[in-house]
Structure formats: structure tokens, C-alpha cells
>>> print(open('input28.txt').read())   # compact mmCIF, C-alpha atoms
# COMPACT_ATOMS: atom_id res chain seq x y z
CA MET A 1 12.62 27.11 24.54
CA ASN A 2 11.14 23.98 22.97
CA PRO A 3 8.38 25.18 20.56
CA HIS A 4 6.73 21.75 20.43
CA PRO A 5 4.25 20.26 22.93
CA ARG A 6 6.10 18.83 25.90
CA VAL A 7 5.80 15.08 26.33
CA THR A 8 5.57 14.60 30.08
CA PRO A 9 3.89 12.17 32.50
CA ASP A 10 1.18 14.79 33.03
CA ASP A 11 -0.27 14.04 29.61
CA PHE A 12 1.32 10.79 28.43
CA ASP A 13 2.41 7.45 29.84
CA ALA A 14 4.44 6.03 26.95
CA VAL A 15 6.22 6.84 23.68
CA LEU A 16 6.22 4.29 20.85
CA PHE A 17 9.09 4.62 18.38
CA ASP A 18 9.44 3.32 14.85
CA LEU A 19 12.91 1.89 14.16
CA ASP A 20 14.28 2.58 10.68
CA GLY A 21 14.68 6.31 10.13
CA VAL A 22 13.60 7.21 13.67
CA LEU A 23 15.96 5.30 15.97
CA THR A 24 18.53 4.11 13.45
CA SER A 25 19.84 5.35 10.11
CA THR A 26 18.90 2.11 8.38
CA ALA A 27 16.04 3.56 6.30
CA ARG A 28 18.52 4.66 3.62
CA VAL A 29 20.04 1.17 3.52
CA HIS A 30 16.58 -0.33 3.12
CA SER A 31 15.75 1.97 0.20
CA VAL A 32 19.04 1.16 -1.56
CA CYS A 33 18.45 -2.58 -1.16
CA TRP A 34 14.85 -2.28 -2.40
CA LYS A 35 16.09 -0.45 -5.50
CA LYS A 36 18.78 -3.01 -6.23
CA MET A 37 16.32 -5.89 -5.93
CA PHE A 38 13.47 -4.27 -7.85
CA ASP A 39 15.66 -2.94 -10.65
CA ALA A 40 17.08 -6.41 -11.31
CA PHE A 41 13.54 -7.84 -11.38
CA LEU A 42 12.10 -5.02 -13.52
CA GLU A 43 14.89 -5.27 -16.07
CA ARG A 44 14.33 -9.01 -16.39
CA HIS A 45 10.55 -8.55 -16.57
CA ALA A 46 10.87 -5.95 -19.33
CA ALA A 47 13.13 -8.25 -21.33
CA ASP A 48 10.74 -11.20 -20.90
CA THR A 49 7.61 -9.23 -21.84
CA GLY A 50 9.04 -6.85 -24.42
CA GLY A 51 8.20 -3.89 -22.23
CA THR A 52 10.21 -0.83 -21.24
CA PHE A 53 12.47 -0.97 -18.22
CA VAL A 54 11.46 1.82 -15.80
CA PRO A 55 13.74 1.76 -12.73
CA PHE A 56 12.50 1.79 -9.15
CA ASP A 57 12.51 5.37 -7.88
CA MET A 58 14.35 5.30 -4.57
CA ASP A 59 12.53 8.42 -3.42
CA GLN A 60 8.92 8.37 -4.63
CA ASP A 61 8.36 4.62 -5.12
CA TYR A 62 9.97 3.82 -1.79
CA LYS A 63 7.88 6.37 0.13
CA ARG A 64 4.58 5.56 -1.56
CA TYR A 65 4.62 1.79 -1.75
CA VAL A 66 7.27 0.29 0.52
CA ASP A 67 8.37 2.44 3.45
CA GLY A 68 7.06 1.29 6.82
CA LYS A 69 5.07 -1.67 5.47
CA PRO A 70 5.69 -5.36 6.13
CA ARG A 71 8.18 -6.64 3.57
CA TYR A 72 5.90 -8.77 1.40
CA ASP A 73 3.14 -6.14 1.50
CA GLY A 74 5.66 -3.63 0.19
CA VAL A 75 6.54 -5.93 -2.70
CA ARG A 76 2.89 -6.42 -3.64
CA SER A 77 2.09 -2.71 -3.29
CA PHE A 78 4.90 -1.67 -5.64
CA LEU A 79 4.20 -4.39 -8.21
CA GLU A 80 0.52 -3.41 -8.27
CA SER A 81 1.57 0.18 -9.01
CA ARG A 82 3.33 -1.14 -12.13
CA GLY A 83 0.49 -3.46 -13.13
CA ILE A 84 2.61 -6.56 -12.52
CA GLU A 85 0.99 -9.68 -11.11
CA LEU A 86 3.00 -12.30 -9.25
CA PRO A 87 1.84 -15.04 -6.88
CA TYR A 88 2.22 -14.23 -3.20
CA GLY A 89 4.23 -17.38 -2.66
CA ASP A 90 5.46 -18.60 0.72
CA PRO A 91 7.78 -16.94 3.28
CA GLY A 92 10.10 -19.90 2.75
CA ASP A 93 10.56 -19.13 -0.95
CA PRO A 94 14.23 -18.81 -1.96
CA PRO A 95 15.52 -15.26 -2.56
CA GLY A 96 14.67 -14.12 -6.05
CA ALA A 97 11.89 -16.64 -6.69
CA LEU A 98 9.20 -15.09 -8.89
CA SER A 99 6.77 -14.45 -6.05
CA ALA A 100 6.20 -11.57 -3.65
CA CYS A 101 7.85 -13.57 -0.89
CA GLY A 102 10.79 -14.56 -3.07
CA LEU A 103 11.50 -10.97 -4.07
CA GLY A 104 11.07 -9.82 -0.47
CA ASN A 105 13.53 -12.47 0.70
CA ARG A 106 16.03 -11.33 -1.92
CA LYS A 107 15.81 -7.79 -0.56
CA ASP A 108 16.23 -9.11 2.98
CA ARG A 109 19.39 -10.98 2.02
CA LEU A 110 20.84 -7.82 0.46
CA PHE A 111 19.99 -5.84 3.60
CA ASN A 112 21.64 -8.33 5.93
CA GLU A 113 24.78 -8.33 3.79
CA VAL A 114 25.04 -4.54 4.15
CA LEU A 115 24.20 -4.72 7.87
CA LYS A 116 27.03 -7.20 8.43
CA GLU A 117 29.53 -5.11 6.45
CA GLU A 118 28.63 -1.61 7.65
CA GLY A 119 26.95 -1.99 11.04
CA VAL A 120 24.23 0.31 12.42
CA GLU A 121 24.25 3.90 13.60
CA ALA A 122 21.60 5.22 16.01
CA TYR A 123 20.37 8.82 15.83
CA GLU A 124 21.87 10.65 18.80
CA GLY A 125 18.92 13.04 19.21
CA THR A 126 16.44 10.17 19.42
CA ILE A 127 18.52 8.26 21.93
CA ARG A 128 18.95 11.34 24.12
CA TRP A 129 15.20 11.95 24.10
CA ALA A 130 14.43 8.30 24.87
CA ARG A 131 16.75 8.50 27.87
CA GLU A 132 15.10 11.74 29.00
CA LEU A 133 11.64 10.16 28.78
CA ARG A 134 12.69 7.13 30.78
CA GLY A 135 14.29 9.40 33.34
CA ARG A 136 10.81 10.88 33.86
CA GLY A 137 9.43 7.40 34.49
CA MET A 138 7.70 7.05 31.11
CA LYS A 139 7.54 3.76 29.22
CA THR A 140 9.03 3.26 25.77
CA ALA A 141 8.54 0.72 22.98
CA VAL A 142 9.80 -0.01 19.47
CA VAL A 143 7.18 -0.74 16.81
CA SER A 144 8.62 -1.80 13.49
CA SER A 145 7.52 -3.71 10.40
CA SER A 146 11.04 -5.09 10.08
CA LYS A 147 11.76 -8.72 10.81
CA ASN A 148 15.35 -7.61 11.44
CA CYS A 149 14.32 -5.30 14.28
CA LYS A 150 15.92 -7.29 17.12
CA THR A 151 19.17 -7.72 15.19
CA ILE A 152 19.34 -4.01 14.36
CA MET A 153 18.64 -2.97 17.96
CA GLU A 154 21.35 -5.29 19.24
CA ALA A 155 23.83 -4.02 16.64
CA ALA A 156 23.07 -0.42 17.68
CA ALA A 157 23.23 -1.39 21.40
CA ILE A 158 19.90 0.30 22.19
CA GLU A 159 17.66 -2.59 23.25
CA HIS A 160 18.03 -1.68 26.96
CA LEU A 161 16.20 1.62 26.34
CA PHE A 162 12.84 0.00 25.53
CA ASP A 163 10.32 -1.91 27.59
CA THR A 164 8.86 -3.90 24.73
CA ARG A 165 9.16 -4.52 21.00
CA VAL A 166 6.49 -5.31 18.42
CA ASP A 167 8.14 -6.06 15.10
CA GLY A 168 7.55 -7.94 11.86
CA GLU A 169 8.35 -11.32 13.40
CA ILE A 170 5.92 -10.80 16.27
CA ALA A 171 3.22 -9.38 13.99
CA GLN A 172 3.49 -12.40 11.71
CA ARG A 173 3.33 -14.85 14.61
CA LEU A 174 0.27 -13.13 16.11
CA ARG A 175 -1.26 -12.44 12.67
CA ILE A 176 -1.43 -8.72 13.34
CA PRO A 177 -1.78 -6.57 10.20
CA GLY A 178 1.07 -4.16 9.59
CA LYS A 179 1.14 -0.41 9.00
CA PRO A 180 -0.81 1.61 7.89
CA ALA A 181 -3.18 -0.46 10.06
CA PRO A 182 -2.75 0.66 13.68
CA ASP A 183 -2.68 -2.86 15.14
CA THR A 184 1.05 -3.14 15.89
CA TYR A 185 1.03 0.17 17.74
CA LEU A 186 -2.11 -0.82 19.61
CA LYS A 187 -0.44 -4.11 20.58
CA ALA A 188 2.59 -2.25 21.95
CA ALA A 189 0.36 0.05 24.00
CA GLN A 190 -1.49 -2.98 25.33
CA GLU A 191 1.77 -4.66 26.35
CA LEU A 192 2.83 -1.51 28.17
CA GLY A 193 -0.54 -1.29 29.90
CA VAL A 194 -1.36 2.18 28.55
CA SER A 195 -4.31 3.55 26.60
CA PRO A 196 -3.72 4.88 23.06
CA GLU A 197 -4.79 8.40 24.00
CA ARG A 198 -2.05 8.43 26.66
CA ALA A 199 0.63 7.26 24.22
CA VAL A 200 2.77 9.04 21.61
CA VAL A 201 3.66 7.56 18.21
CA VAL A 202 6.94 8.62 16.55
CA GLU A 203 7.29 7.84 12.84
CA ASP A 204 9.15 8.89 9.69
CA ALA A 205 7.02 6.87 7.24
CA LEU A 206 3.72 7.98 5.75
CA SER A 207 2.21 4.57 6.51
CA GLY A 208 3.40 4.92 10.11
CA VAL A 209 1.87 8.33 10.84
CA GLU A 210 -1.34 7.08 9.24
CA ALA A 211 -1.28 4.12 11.64
CA GLY A 212 -0.87 6.51 14.57
CA ARG A 213 -3.81 8.62 13.43
CA ARG A 214 -6.05 5.61 12.81
CA GLY A 215 -5.18 4.18 16.23
CA GLY A 216 -6.42 7.26 18.10
CA PHE A 217 -3.08 7.97 19.77
CA GLY A 218 -2.70 11.10 21.86
CA LEU A 219 0.10 12.59 19.76
CA VAL A 220 1.69 11.54 16.46
CA ILE A 221 5.14 12.97 15.78
CA GLY A 222 6.48 12.85 12.25
CA VAL A 223 10.25 12.80 11.80
CA ASP A 224 11.21 14.53 8.57
CA ARG A 225 14.61 13.29 7.43
CA HIS A 226 14.09 13.98 3.72
CA GLY A 227 11.89 17.05 3.22
CA ASP A 228 8.54 15.27 3.65
CA ALA A 229 7.00 17.50 6.32
CA GLU A 230 3.87 18.36 4.35
CA ALA A 231 3.16 14.75 3.41
CA LEU A 232 3.68 13.61 7.01
CA LEU A 233 1.17 16.19 8.24
CA GLU A 234 -1.33 15.25 5.54
CA ASN A 235 -1.12 11.57 6.44
CA GLY A 236 -1.61 11.92 10.18
CA ALA A 237 1.25 13.63 12.00
CA ASP A 238 0.21 16.25 14.56
CA ILE A 239 3.65 17.86 14.54
CA VAL A 240 6.82 17.34 12.49
CA VAL A 241 10.44 17.63 13.62
CA ALA A 242 13.66 17.35 11.65
CA ASP A 243 15.33 15.57 14.55
CA LEU A 244 13.98 14.37 17.89
CA ALA A 245 16.61 16.45 19.68
CA GLU A 246 14.01 19.20 19.14
CA MET A 247 11.83 17.43 21.72
CA LEU A 248 14.45 17.58 24.46
CA ASP A 249 13.46 19.66 27.46
CA GLU A 250 16.52 21.88 27.27
>>> encode(input="input28.txt", output="C-alpha cells")
Amino acid sequence: MNPHPRVTPDDFDAVLFDLDGVLTSTARVHSVCWKKMFDAFLERHAADTGGTFVPFDMDQDYKRYVDGKPRYDGVRSFLESRGIELPYGDPGDPPGALSACGLGNRKDRLFNEVLKEEGVEAYEGTIRWARELRGRGMKTAVVSSSKNCKTIMEAAAIEHLFDTRVDGEIAQRLRIPGKPAPDTYLKAAQELGVSPERAVVVEDALSGVEAGRRGGFGLVIGVDRHGDAEALLENGADIVVADLAEMLDE
């Protein structure tokens, strides 16, 4: 028997899924690319300032400052944690320019190189649950901070399973603040024509479960891929699963 609350049309109208780490196994690729970009910058910065090179921690730094946030916000958040000031710059800055946008664009280029070489794998448990939900007549959406969201969904061949998508490109165009603000999730609910209290948020990032809590959603499910159950609960998850296959009504 499923020990978790059942997500059925009796209580909910829609389920809103994060992408990286929830639908696809791209979160690990993101963290590797962030580390490669930041370490190169930090090593150069230490040499230029006479400071000590302290590498980017792919576990703690990624979770605290980068995971789930819009790309340039993640850059600024991490640099602030190290007391490093750089201009914000412009989204059109070349990769590696000494600005938040330039560094973010360098990370994006690294990510797309890996994506092209290795492709994308979707989590089977999540896909099975999404199909089960849609079979019950419930609506589904993808809510991601990634500007590569559409490309990743197409590469994983999962775009047909979702009624709408609110990603980094759309948020930027509409000037919607990213996670941990709840606005992108609220926008997805609005597009689906459902109220937040009748919608479920599914997230693996601390900033994402916080967004779900702040948005007043009916249920926030944390997906614990890396032993972060306690932190997910503390930041806003109502329940935590290791894999969304646990939510299947089987």
C-alpha cells in the first residue's frame, strides 16, 4: 500500500513538476558544469588578488546557492557567499566575461556541450506517475528555472506529457521572479486554470520546495535524490520521497 497521501482528482486538479532532478537526471550534469566554471573563475580570482583558492563544493555550495535558481541569480548568490563582487552585466555577455551574466553563460555553454554529447535520461518513476495522473484526467505542468527546459524535454521525449511549461525563458520574458519566489509556479497554475490549493508542487531543490510553501500550494512533495530529506522538509516539503514511483497507486 502507498504510505503517502494519494494525489487524486478528489483533492487536486494539477501536479506541477520541476525538471532537473525530478523529471530528468540533468541535475548532476548541472552541478558538474557549475563546478567546472566556478573553479576556473575562483582559481583565476585567487591568483589576481593574492587570495587562497577554495574550490566550489559540488554538494553544499550547489544546494545552498545555485540549485533551482535562475542562472544569473545562482551566480550572484554564490559569489556573495564568497564576498566577491562582480557587475551583473548583460545576458548577451560572452561566456566567461567577468560579470554574473558572463559566468552564467559560460556554465550554459558547458552544459549544452555535455547535453549534445551524452543526451538526457528521464526518471522512469516520475514518467510513470505523470502518465497515471493524466490517465485520471489531471493536468500537469513543468516549472523550471532552466532556459534549456524545452531542449531537455525534447531530448528526453517527454514534452507530450505536460499541458504547459513555465521555464527560465518564459520567466525572463514576462519578468517573473524565479525560485524561491513562488511566481513561476503560480503562473503555471494560472495557465492551467487551477487554484494553488488544488495543485501539487514536486521539487528536489530547497529553493523549489520553499517556492511551493510560499505559494500556498495544496501539497509540496520533495524528491530526495541525495540524502536531503530533512532539509527538504525544513524548507517547505510536506512529504519526501526517494523516487516518485512511491506515489504510484499500485
>>> atom_distance(input="input28.txt", atom1="atom CA of A:Pro70", atom2="atom CA of A:Ala229")
22.9 Å
>>> residues_near_point(input="input28.txt", point="(9.6, -4.3, -13.4)", cutoff="12 Å", atoms="all atoms listed in the file", output="PyMOL selection string")
chain A and resi 35-57+75+78-86+98+103
>>> atom_distance(input="input28.txt", atom1="atom CA of A:Pro95", atom2="atom CA of A:Asp183")
28.3 Å
>>> closest_residue(input="input28.txt", among="A:Cys33, A:Leu192, A:Ala155, A:Val240", to="A:Glu118", atoms="all atoms listed in the file")
A:Ala155
>>> atom_distance(input="input28.txt", atom1="atom CA of A:Ile158", atom2="atom CA of A:Arg28")
19.1 Å
>>> closest_atom_pairs(input="input28.txt", of="stretch 156-186 of chain A", to="stretch 119-123 of chain A", cutoff="12 Å", atoms="only C-alpha atoms", output="tab-separated table")
residue	atom	partner	partner_atom	distance
A:Ala156	CA	A:Val120	CA	5.4
A:Ala157	CA	A:Ala122	CA	8.7
A:Ile158	CA	A:Ala122	CA	8.1
A:Glu159	CA	A:Ala122	CA	11.4
>>> residues_around(input="input28.txt", residues="A:Asp11", least_positions_apart="6", cutoff="9 Å", atoms="only C-alpha atoms", output="PDB file with C-alpha atoms, in the coordinates of the input")
ATOM      1  CA  ARG A 198      -2.050   8.430  26.660  1.00  0.00           C
ATOM      2  CA  ALA A 199       0.630   7.260  24.220  1.00  0.00           C
ATOM      3  CA  GLY A 218      -2.700  11.100  21.860  1.00  0.00           C
TER       4      GLY A 218
END
>>> closest_residue(input="input28.txt", among="A:Lys139, A:Ser31, A:Glu246, A:Ala100", to="A:Arg6", atoms="only C-alpha atoms")
A:Glu246
>>> closest_residue(input="input28.txt", among="A:Thr126, A:Ser144, A:Asn105, A:Ser99", to="A:Gly178", atoms="all atoms listed in the file")
A:Ser144
>>> closest_residue(input="input28.txt", among="A:Thr24, A:Glu113, A:Asp249, A:Gly236", to="A:Glu154", atoms="all atoms listed in the file")
A:Thr24
>>> residues_near_point(input="input28.txt", point="(20.8, -5.0, 11.3)", cutoff="8 Å", atoms="only C-alpha atoms", output="VMD selection string")
chain A and resid 26 111 to 112 115 to 116 119 to 120 148 to 155
>>> residues_around(input="input28.txt", residues="stretch 209-213 of chain A", least_positions_apart="3", cutoff="10 Å", atoms="all atoms listed in the file", output="number ranges by chain")
A: 16, 18, 68, 178-186, 196, 199-206, 216-223, 231-238
>>> closest_residue(input="input28.txt", among="A:Met138, A:His160, A:Glu191, A:Arg106", to="A:Asp10", atoms="all atoms listed in the file")
A:Met138
>>> residues_around(input="input28.txt", residues="A:Ile170", least_positions_apart="5", cutoff="10 Å", atoms="only C-alpha atoms", output="number ranges by chain")
A: 144-147, 165, 175-176, 184
